[in-house]
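Undergrad: I have a structure here, written as structure tokens, and I will follow up with some questions on it.
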Amino acid sequence: MVVRQHRCGGGALAVCALAVAGVMAMGSGCSGARGDGAAGERAVVRDGPAGTPAAVVRRAAEELAGAGSAETRTSMETAAGGTRVTIRGQGAYDFRRQLGRIKVVLPKDAAGADEHRPITELLAPGALYMKNRGAGVPDGKWVRIDTTALEDGNLVTGGVTDPTASAELLRGADDVTYVGRTELAGVAVRHYRGTADIGRAARAASPSSRGALAAAAEGFSTDAVPFDVYLDDEGLLRKVRHRFTFATEGPAVAVVSTMLLYGFGVPVSVELPPETDLYTGRVQQGGDGPEAP
């Protein structure tokens with residue numbers, strides 16, 4: 001199975017970079033639903049939506065747009081040298097407008113200090129806004145990142161994979177296997193496993209998502225991202241887990257990004273900050289780390 005390689009570069013103000021740095025420092029200084037068996041690869045799902053497993057999974061983004069909105073819980077786990085660091089988030093997302101608000105909680109740093117203040121992230125087409133970014137950003141100010149300029153298209157940079165990007169990435173699903181039926185929080189779901197081709201997903205993505213995914217297709221050295229996805233009987237995405245791998249100056253770092261969706265139809269209010277509330281100075285990577293322009 002091919003996993004995607006991403007090299008850390010210009011995203012120095014990334015939330016995920018803080019966790020990666022912690023993983024590397026600790027390494028040098030010192031869950032999920034049950035499965036119910038496997039069916040043959042590319043087998044037709046007899047008790048679920050029509051079509052091959054790949055076709056069913058590729059429709060996930062369209063089904064979410066039809067549902068409108070949902071609450072979400074996220075986690076992003078980095079691992080290197082046997083050390084794991086997890087970033088967690090919780091919020092709500094509007095799939096029709098592709099706008100969301102997620103509160104992201106960073107773990108304790110490598111030195112065992114108190115946890116960082118939660119970071120508020122606003123997700124919008126082509127942009128990521130972060131408040132309480134810290135490391136030189138004045139209180140009350142927002143940092144805006146152009147996600148189409150990021151090497152990974154914000155698949156891991158913000159510590160949260162944008163919910164639309166998580167679903168749109170499945171448009172590139174291939175080699176999909178129907179694993180079986182299970183339950184998530186009392187909801188019957190169907191479990192599928194496969195790989196997603198980022199280049200193919202970018203070409204099939206909605207116009208507002210295409211730029212970020214195209215950037216990711218250019219920024220990673222291979223195109224395959226392994227995933228596990230859970231869809232309910234209406235075809236709505238309830239859980240997806242993507243597995244990324246990228247290289248740093250030291251050992252390769254694995255990143256597992258998981259998104260849970262529930263409370264479909266919930267009202268979502270997102271107001272993007274005005275230009276006067278944006279911080280345009282230099283941002284440190286974290287603590288005493290290097291600064292980013």
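As shown in the structure tokens, the chain order sets the letters A, B, ...; within each chain, residues go from 1, and ligands are also counted from 1 in the order they appear.
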Determine, counting only C-alpha atoms, which protein, DNA and RNA residues have an atom within 10 Å of an atom of segment 96-99 of chain A; residues of the same chain fewer than 2 positions away are not included. Present the result as a list of chain:residue names.
TA: A:Glu62, A:Leu64, A:Ala65, A:Gly66, A:Ala67, A:Gly68, A:Ser69, A:Ala92, A:Tyr93, A:Asp94, A:Arg101, A:Leu122, A:Leu123, A:Ala124, A:Pro125, A:Gly126, A:Ala127, A:Asp162, A:Pro163, A:Thr164, A:Ala165, A:Ser208, A:Ser209, A:Val268, A:Ser269, A:Val270, A:Glu271, A:Leu272
Undergrad: Give me the segment 96-176 of chain A side of the contact with segment 52-55 of chain A, cut-off 7 Å, one line per residue showing its nearest atom pair and distance in Å at one decimal, counting only C-alpha atoms, sorted by chain and residue number, as a Markdown table.
TA:
| residue | atom | partner | partner_atom | distance |
| --- | --- | --- | --- | --- |
| A:Ala173 | CA | A:Ala54 | CA | 5.9 |
| A:Asp174 | CA | A:Ala54 | CA | 5.8 |
| A:Val176 | CA | A:Ala54 | CA | 5.2 |
Undergrad: Those residues with all heavy atoms, as a compact mmCIF listing (two decimals), in the first residue's frame please?
TA:
# COMPACT_ATOMS: atom_id res chain seq x y z
N ALA A 173 -11.51 7.98 -4.57
CA ALA A 173 -11.45 6.64 -3.98
C ALA A 173 -11.22 5.57 -5.04
O ALA A 173 -11.81 5.60 -6.13
CB ALA A 173 -12.73 6.34 -3.21
N ASP A 174 -10.37 4.61 -4.71
CA ASP A 174 -10.08 3.49 -5.60
C ASP A 174 -9.70 2.29 -4.74
O ASP A 174 -9.40 2.41 -3.55
CB ASP A 174 -8.93 3.85 -6.54
CG ASP A 174 -8.89 2.96 -7.77
OD1 ASP A 174 -9.79 2.11 -7.92
OD2 ASP A 174 -7.96 3.10 -8.58
N VAL A 176 -11.46 0.02 -3.40
CA VAL A 176 -12.29 0.09 -2.20
C VAL A 176 -12.88 -1.28 -1.88
O VAL A 176 -13.40 -1.98 -2.76
CB VAL A 176 -13.42 1.11 -2.37
CG1 VAL A 176 -14.28 1.19 -1.11
CG2 VAL A 176 -12.84 2.49 -2.70
Undergrad: List the spatial neighbours of Pro273 of chain A as a list in words - criterion: any atom at most 10 Å away, only C-alpha atoms, same-chain residues fewer than 2 positions off excluded.
TA: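 Contacts, in chain order: Leu122, Tyr129, Lys141, Trp142, Val143, Arg144, Val270, Glu271, Glu275, Thr276, Asp277 and Leu278 of chain A.
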Undergrad: Pull the alpha helix (DSSP H) assignments for segment 50-291 of chain A out of DSSP run on the backbone, and list those residues as number ranges by chain.
TA: A: 53-58, 60-67, 163-169, 198-204, 207-219
Undergrad: Applying 8 Å and only C-alpha atoms, which residues near Gly211 of chain A remain after dropping the ones on its own chain fewer than 4 positions away? List them as a list in words.
TA: Gly126, Thr148, Gly153, Ala202, Pro207 and Ala215 of chain A
Undergrad: Separation of atom CA of Val189 of chain A and atom CA of Thr78 of chain A, in Å?
TA: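 Here the two named atoms are 26.9 Å from each other.
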Undergrad: For atom CA of Thr147 of chain A and atom CA of Val229 of chain A, quote the distance in Å rounded to one decimal.
TA: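 We find that atom CA of Thr147 of chain A and atom CA of Val229 of chain A lie 24.2 Å from each other.
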Undergrad: Can you work out the spacing between atom CA of Asp228 of chain A and atom CA of Ala60 of chain A in Å, to one decimal?
TA: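 According to the coordinates, atom CA of Asp228 of chain A and atom CA of Ala60 of chain A are separated by 12.8 Å.
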Undergrad: Determine, counting only C-alpha atoms, which protein, DNA and RNA residues have an atom within 10 Å of an atom of Ala188 of chain A; residues of the same chain fewer than 6 positions away are not included. Present the result as a PyMOL selection string.
TA: chain A and resi 181-182+230-233+238
Undergrad: Restricting the calculation to only C-alpha atoms: of A:Ala201, A:Thr83, A:Gly159, A:Gly100, which residue gets closest to Val266 of chain A?
TA: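 Result for the nearest residue to Val266 of chain A: A:Gly100.
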Undergrad: Per DSSP on the backbone, filter segment 67-123 of chain A down to the residues in strand (DSSP E or B) and report them as a PyMOL selection string.
TA: chain A and resi 69-80+83-94+99-105+119-123
Undergrad: Excluding Glu77 of chain A and its own-chain neighbours fewer than 3 positions away, which residues fall within 6 Å of it when counting only C-alpha atoms? Please give them as a ChimeraX atom specification.
TA: /A:85-86,255-256
Undergrad: For the residues in that selection, give me N, CA, C and O atoms as a PDB file, in the first residue's frame.
TA:
ATOM      1  N   VAL A  85       1.353  12.163  19.540  1.00  0.00           N
ATOM      2  CA  VAL A  85       0.756  13.413  20.010  1.00  0.00           C
ATOM      3  C   VAL A  85      -0.562  13.584  19.278  1.00  0.00           C
ATOM      4  O   VAL A  85      -0.629  13.391  18.059  1.00  0.00           O
ATOM      5  N   THR A  86      -1.637  13.948  20.013  1.00  0.00           N
ATOM      6  CA  THR A  86      -2.956  14.067  19.400  1.00  0.00           C
ATOM      7  C   THR A  86      -3.517  15.473  19.579  1.00  0.00           C
ATOM      8  O   THR A  86      -3.515  16.021  20.684  1.00  0.00           O
ATOM      9  N   VAL A 255       0.682  10.746  10.144  1.00  0.00           N
ATOM     10  CA  VAL A 255      -0.425  11.584  10.611  1.00  0.00           C
ATOM     11  C   VAL A 255      -1.727  10.866  10.294  1.00  0.00           C
ATOM     12  O   VAL A 255      -1.993  10.545   9.134  1.00  0.00           O
ATOM     13  N   VAL A 256      -2.525  10.610  11.323  1.00  0.00           N
ATOM     14  CA  VAL A 256      -3.838   9.981  11.150  1.00  0.00           C
ATOM     15  C   VAL A 256      -4.895  11.025  11.488  1.00  0.00           C
ATOM     16  O   VAL A 256      -4.965  11.504  12.617  1.00  0.00           O
TER      17      VAL A 256
END
Undergrad: Of the candidates A:Thr177, A:Met76, A:Gly158, A:Ile198, which one gets nearest to Asp146 of chain A if we count only C-alpha atoms?
TA: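 Looking only at the distances to Asp146 of chain A, the closest residue turns out to be A:Gly158.
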